[in-house]
file data14.cif (mmCIF, C-alpha atoms)
data_final
#
loop_
_atom_site.group_PDB
_atom_site.id
_atom_site.type_symbol
_atom_site.label_atom_id
_atom_site.label_comp_id
_atom_site.auth_asym_id
_atom_site.auth_seq_id
_atom_site.Cartn_x
_atom_site.Cartn_y
_atom_site.Cartn_z
ATOM 1 C CA MET A 268 111.384 -47.985 117.115
ATOM 2 C CA GLY A 269 110.752 -44.578 118.688
ATOM 3 C CA TYR A 270 108.035 -43.871 121.237
ATOM 4 C CA GLU A 271 105.899 -42.247 118.501
ATOM 5 C CA GLN A 272 105.843 -45.427 116.407
ATOM 6 C CA GLU A 273 105.294 -47.582 119.487
ATOM 7 C CA ALA A 274 102.337 -45.387 120.521
ATOM 8 C CA PHE A 275 100.870 -45.639 117.017
ATOM 9 C CA GLU A 276 101.174 -49.442 117.052
ATOM 10 C CA ARG A 277 99.588 -49.713 120.530
ATOM 11 C CA LEU A 278 96.683 -47.455 119.567
ATOM 12 C CA LEU A 279 96.133 -49.379 116.343
ATOM 13 C CA ALA A 280 96.228 -52.700 118.216
ATOM 14 C CA ASN A 281 93.708 -51.408 120.780
ATOM 15 C CA VAL A 282 91.363 -50.146 118.081
ATOM 16 C CA MET A 283 91.521 -53.468 116.254
ATOM 17 C CA SER A 284 91.137 -55.616 119.379
ATOM 18 C CA LYS A 285 87.925 -56.972 120.830
ATOM 19 C CA ARG A 286 88.161 -54.328 123.557
ATOM 20 C CA SER A 287 87.201 -51.805 120.925
ATOM 21 C CA LEU A 288 83.761 -53.402 120.655
ATOM 22 C CA ALA A 289 82.814 -51.261 123.651
ATOM 23 C CA ALA A 290 84.198 -48.222 121.854
ATOM 24 C CA LYS A 291 82.022 -49.108 118.865
ATOM 25 C CA GLN A 292 78.969 -49.111 121.130
ATOM 26 C CA TYR A 293 79.896 -45.623 122.358
ATOM 27 C CA ALA A 294 80.600 -44.477 118.802
ATOM 28 C CA ARG A 295 77.114 -45.632 117.825
ATOM 29 C CA TYR A 296 75.752 -42.721 119.870
ATOM 30 C CA THR A 297 77.572 -40.272 117.583
ATOM 31 C CA SER A 298 76.412 -41.771 114.284
ATOM 32 C CA GLY A 299 73.361 -43.121 112.494
ATOM 33 C CA GLU A 300 69.994 -43.149 114.211
ATOM 34 C CA PRO A 301 71.124 -41.858 117.637
ATOM 35 C CA PHE A 302 72.951 -38.972 115.951
ATOM 36 C CA VAL A 303 69.876 -37.980 113.917
ATOM 37 C CA LEU A 304 67.639 -38.137 116.991
ATOM 38 C CA ARG A 305 70.124 -36.100 119.041
ATOM 39 C CA HIS A 306 70.444 -33.532 116.245
ATOM 40 C CA LEU A 307 66.668 -33.155 115.938
ATOM 41 C CA ARG A 308 66.302 -32.956 119.723
ATOM 42 C CA LYS A 309 68.851 -30.144 119.895
ATOM 43 C CA GLU A 310 68.212 -28.277 116.634
ATOM 44 C CA GLY A 311 64.546 -28.965 115.912
ATOM 45 C CA THR A 312 63.125 -29.690 112.481
ATOM 46 C CA ALA A 313 65.601 -30.280 109.641
ATOM 47 C CA THR A 314 65.648 -31.301 105.992
ATOM 48 C CA PRO A 315 67.259 -34.592 104.966
ATOM 49 C CA SER A 316 70.064 -32.666 103.242
ATOM 50 C CA GLN A 317 70.759 -30.711 106.452
ATOM 51 C CA LEU A 318 70.925 -33.991 108.366
ATOM 52 C CA ALA A 319 73.235 -35.521 105.741
ATOM 53 C CA SER A 320 75.522 -32.511 106.044
ATOM 54 C CA ALA A 321 75.527 -32.629 109.855
ATOM 55 C CA LEU A 322 76.239 -36.375 109.820
ATOM 56 C CA ARG A 323 78.728 -35.992 106.952
ATOM 57 C CA SER A 324 76.870 -38.737 105.169
ATOM 58 C CA SER A 325 75.369 -39.416 101.777
ATOM 59 C CA SER A 326 71.749 -38.687 100.961
ATOM 60 C CA GLY A 327 71.232 -42.428 100.441
ATOM 61 C CA ARG A 328 72.511 -43.244 103.916
ATOM 62 C CA ILE A 329 70.316 -40.553 105.482
ATOM 63 C CA SER A 330 67.319 -41.826 103.544
ATOM 64 C CA ALA A 331 67.839 -45.321 104.990
ATOM 65 C CA VAL A 332 68.304 -43.959 108.531
ATOM 66 C CA LEU A 333 65.177 -41.806 108.243
ATOM 67 C CA ALA A 334 63.112 -44.718 106.918
ATOM 68 C CA SER A 335 64.165 -46.829 109.892
ATOM 69 C CA LEU A 336 63.457 -44.033 112.389
ATOM 70 C CA GLU A 337 60.066 -43.358 110.823
ATOM 71 C CA LYS A 338 59.149 -47.064 110.956
ATOM 72 C CA LYS A 339 59.959 -47.039 114.702
ATOM 73 C CA GLY A 340 57.793 -43.952 115.227
ATOM 74 C CA PHE A 341 60.786 -41.787 116.273
ATOM 75 C CA ILE A 342 60.405 -39.164 113.510
ATOM 76 C CA THR A 343 57.866 -37.772 111.098
ATOM 77 C CA ARG A 344 58.471 -36.478 107.584
ATOM 78 C CA GLU A 345 56.199 -33.840 106.113
ATOM 79 C CA VAL A 346 56.203 -31.671 103.014
ATOM 80 C CA ASP A 347 57.312 -28.114 103.786
ATOM 81 C CA ALA A 348 54.248 -25.860 103.419
ATOM 82 C CA LYS A 349 56.497 -22.928 102.417
ATOM 83 C CA ASP A 350 58.415 -24.866 99.767
ATOM 84 C CA ARG A 351 56.718 -28.061 98.630
ATOM 85 C CA ARG A 352 60.010 -29.322 97.179
ATOM 86 C CA ASN A 353 61.414 -29.774 100.693
ATOM 87 C CA ILE A 354 60.720 -32.473 103.247
ATOM 88 C CA LEU A 355 60.872 -31.506 106.924
ATOM 89 C CA VAL A 356 61.962 -34.107 109.466
ATOM 90 C CA SER A 357 60.765 -33.747 113.060
ATOM 91 C CA ILE A 358 61.325 -35.821 116.176
ATOM 92 C CA THR A 359 58.274 -37.393 117.822
ATOM 93 C CA GLU A 360 57.676 -37.648 121.550
ATOM 94 C CA THR A 361 58.743 -41.311 121.357
ATOM 95 C CA GLY A 362 61.901 -40.301 119.484
ATOM 96 C CA LEU A 363 62.630 -37.612 122.060
ATOM 97 C CA GLU A 364 62.295 -40.155 124.862
ATOM 98 C CA GLN A 365 64.622 -42.575 123.028
ATOM 99 C CA SER A 366 67.202 -39.851 122.403
ATOM 100 C CA ILE A 367 67.224 -38.868 126.070
ATOM 101 C CA LYS A 368 67.460 -42.534 127.089
ATOM 102 C CA ASP A 369 70.443 -43.065 124.726
ATOM 103 C CA ARG A 370 72.176 -39.954 126.096
ATOM 104 C CA ASP A 371 71.573 -40.912 129.715
ATOM 105 C CA GLU A 372 72.839 -44.475 129.196
ATOM 106 C CA ALA A 373 76.017 -43.253 127.487
ATOM 107 C CA ARG A 374 76.570 -40.625 130.182
ATOM 108 C CA SER A 375 76.041 -43.138 132.997
ATOM 109 C CA ALA A 376 78.553 -45.585 131.517
ATOM 110 C CA MET A 377 81.152 -42.867 130.881
ATOM 111 C CA CYS A 378 80.723 -41.400 134.359
ATOM 112 C CA TRP A 379 81.248 -44.853 135.862
ATOM 113 C CA ILE A 380 84.505 -45.175 133.890
ATOM 114 C CA PHE A 381 85.612 -41.722 135.025
ATOM 115 C CA THR A 382 84.849 -42.649 138.631
ATOM 116 C CA GLN A 383 87.120 -45.685 138.258
ATOM 117 C CA MET A 384 89.874 -43.482 136.807
ATOM 118 C CA GLY A 385 89.605 -40.777 139.470
ATOM 119 C CA GLU A 386 89.337 -37.031 139.051
ATOM 120 C CA ARG A 387 92.991 -36.183 138.268
ATOM 121 C CA ARG A 388 93.422 -38.940 135.684
ATOM 122 C CA THR A 389 90.023 -38.153 134.138
ATOM 123 C CA ARG A 390 90.892 -34.469 133.762
ATOM 124 C CA ASP A 391 94.306 -35.359 132.317
ATOM 125 C CA PHE A 392 92.699 -37.868 129.945
ATOM 126 C CA VAL A 393 90.124 -35.358 128.679
ATOM 127 C CA ASP A 394 92.833 -32.698 128.226
ATOM 128 C CA LEU A 395 95.047 -35.135 126.304
ATOM 129 C CA VAL A 396 92.230 -36.441 124.097
ATOM 130 C CA THR A 397 91.212 -32.857 123.347
ATOM 131 C CA GLU A 398 94.788 -31.974 122.449
ATOM 132 C CA PHE A 399 95.104 -35.121 120.318
ATOM 133 C CA HIS A 400 91.924 -34.212 118.421
ATOM 134 C CA VAL A 401 93.221 -30.703 117.730
ATOM 135 C CA TYR A 402 96.371 -32.177 116.216
ATOM 136 C CA MET A 403 94.324 -34.740 114.265
ATOM 137 C CA SER A 404 92.162 -31.954 112.850
ATOM 138 C CA ILE A 405 95.157 -30.139 111.359
ATOM 139 C CA CYS A 406 97.511 -33.018 110.461
ATOM 140 C CA LYS A 407 96.161 -35.036 107.554
ATOM 141 C CA PRO A 408 97.871 -38.005 105.890
ATOM 142 C CA GLY A 409 99.471 -37.106 102.585
ATOM 143 C CA GLU A 410 99.480 -33.377 103.297
ATOM 144 C CA PRO A 411 102.291 -31.161 104.571
ATOM 145 C CA ARG A 412 102.634 -31.059 108.333
ATOM 146 C CA PRO A 413 101.129 -27.989 110.014
ATOM 147 C CA THR A 414 103.295 -24.958 110.560
ATOM 148 C CA PRO A 415 103.846 -23.522 114.058
ATOM 149 C CA GLU A 416 101.417 -20.723 113.099
ATOM 150 C CA GLU A 417 98.705 -23.236 112.115
ATOM 151 C CA ILE A 418 99.221 -25.120 115.374
ATOM 152 C CA LYS A 419 98.979 -21.916 117.392
ATOM 153 C CA LYS A 420 95.797 -20.931 115.535
ATOM 154 C CA ALA A 421 94.222 -24.354 116.167
ATOM 155 C CA PHE A 422 94.923 -24.143 119.887
ATOM 156 C CA ALA A 423 93.729 -20.519 120.007
ATOM 157 C CA GLY A 424 90.414 -21.760 118.621
ATOM 158 C CA LEU A 425 90.322 -24.278 121.448
ATOM 159 C CA GLU A 426 90.728 -21.459 123.986
ATOM 160 C CA GLN A 427 87.764 -19.669 122.417
ATOM 161 C CA ASP A 428 85.702 -22.842 122.932
ATOM 162 C CA GLY A 429 86.346 -22.613 126.675
ATOM 163 C CA HIS A 430 89.233 -25.094 126.910
ATOM 164 C CA ASP A 431 92.641 -24.259 128.246
ATOM 165 C CA GLY A 432 94.392 -24.811 124.913
ATOM 166 C CA ARG A 433 97.633 -25.876 126.583
ATOM 167 C CA ASP A 434 100.383 -26.933 124.241
ATOM 168 C CA ARG A 435 102.089 -29.891 125.931
ATOM 169 C CA ARG A 436 104.808 -30.452 123.362
ATOM 170 C CA SER A 437 107.525 -29.139 125.653
#

call {"tool": "encode", "arguments": {"input": "data14.cif", "output": "structure tokens"}}
result
Amino acid sequence: MGYEQEAFERLLANVMSKRSLAAKQYARYTSGEPFVLRHLRKEGTATPSQLASALRSSSGRISAVLASLEKKGFITREVDAKDRRNILVSITETGLEQSIKDRDEARSAMCWIFTQMGERRTRDFVDLVTEFHVYMSICKPGEPRPTPEEIKKAFAGLEQDGHDGRDRRS
């Protein structure tokens, strides 16, 4: 077995292990209720369809999330005065406080982990995860592998986002 297959097996085992329960808690911040609150905090009022698109979720899933958030007093839903066919979702003060609390808790935990890893390893880790995500965004199962031009374009986009865009394949 080559190093590539061994790496795949180790990653898969880690994801499936109980250690990944912590990762699931972190992932919670990027989905469902915390995601909707964060989106509304950053972007302001939105329609349910805009939220579904941002979350890459179905309208049914968004409807359930919004109902739960509304029940908790974190959002309000009102008919759009300009177009009565639309519903506008807004974050409440309580929802804003919860969103900030969620963000701060996630940041505190991650910063503690990074402190344990040290600056050099943290920077290397972030660079490698960023690079991995670029490759994941262009290499999809069942599709042809990206060409050198597609890879270069993907990493050029990374440079435009303020990252170094280093290609570490060599």

call {"tool": "residues_around", "arguments": {"input": "data14.cif", "residues": "range 297-308 of chain A", "least_positions_apart": "4", "cutoff": "8 Å", "atoms": "all atoms listed in the file", "output": "VMD selection string"}}
result
chain A and resid 293 312 to 313 318 322 332 to 333 336 341 357 to 358 362 to 363 366 369

call {"tool": "closest_residue", "arguments": {"input": "data14.cif", "among": "A:Ala334, A:Val346, A:Ile418, A:Ala274", "to": "Tyr402 in chain A", "atoms": "all atoms listed in the file"}}
result
A:Ile418

call {"tool": "atom_distance", "arguments": {"input": "data14.cif", "atom1": "CA of Glu416 in chain A", "atom2": "CA of Ser320 in chain A"}}
result
29.3 Å

call {"tool": "atom_distance", "arguments": {"input": "data14.cif", "atom1": "CA of Asn353 in chain A", "atom2": "CA of Thr314 in chain A"}}
result
7.0 Å

call {"tool": "atom_distance", "arguments": {"input": "data14.cif", "atom1": "CA of Thr343 in chain A", "atom2": "CA of Gly311 in chain A"}}
result
12.1 Å

call {"tool": "axis_aligned_box", "arguments": {"input": "data14.cif", "around": "range 349-356 of chain A", "padding_each_side": "5 Å", "output": "AutoDock Vina command-line options"}}
result
--center_x 59.2 --center_y -28.5 --center_z 103.3 --size_x 15.5 --size_y 21.2 --size_z 22.3

call {"tool": "residues_around", "arguments": {"input": "data14.cif", "residues": "Ile354 in chain A", "least_positions_apart": "3", "cutoff": "8 Å", "atoms": "all atoms listed in the file", "output": "MDAnalysis selection string"}}
result
chainID A and resid 314:315 344:347 351

call {"tool": "write_last_selection", "arguments": {"input": "data14.cif", "atoms": "C-alpha atoms", "output": "mmCIF file, in the coordinates of the input"}}
result
data_model
loop_
_atom_site.group_PDB
_atom_site.id
_atom_site.type_symbol
_atom_site.label_atom_id
_atom_site.label_comp_id
_atom_site.auth_asym_id
_atom_site.auth_seq_id
_atom_site.Cartn_x
_atom_site.Cartn_y
_atom_site.Cartn_z
ATOM 1 C CA THR A 314 65.648 -31.301 105.992
ATOM 2 C CA PRO A 315 67.259 -34.592 104.966
ATOM 3 C CA ARG A 344 58.471 -36.478 107.584
ATOM 4 C CA GLU A 345 56.199 -33.840 106.113
ATOM 5 C CA VAL A 346 56.203 -31.671 103.014
ATOM 6 C CA ASP A 347 57.312 -28.114 103.786
ATOM 7 C CA ARG A 351 56.718 -28.061 98.630
#
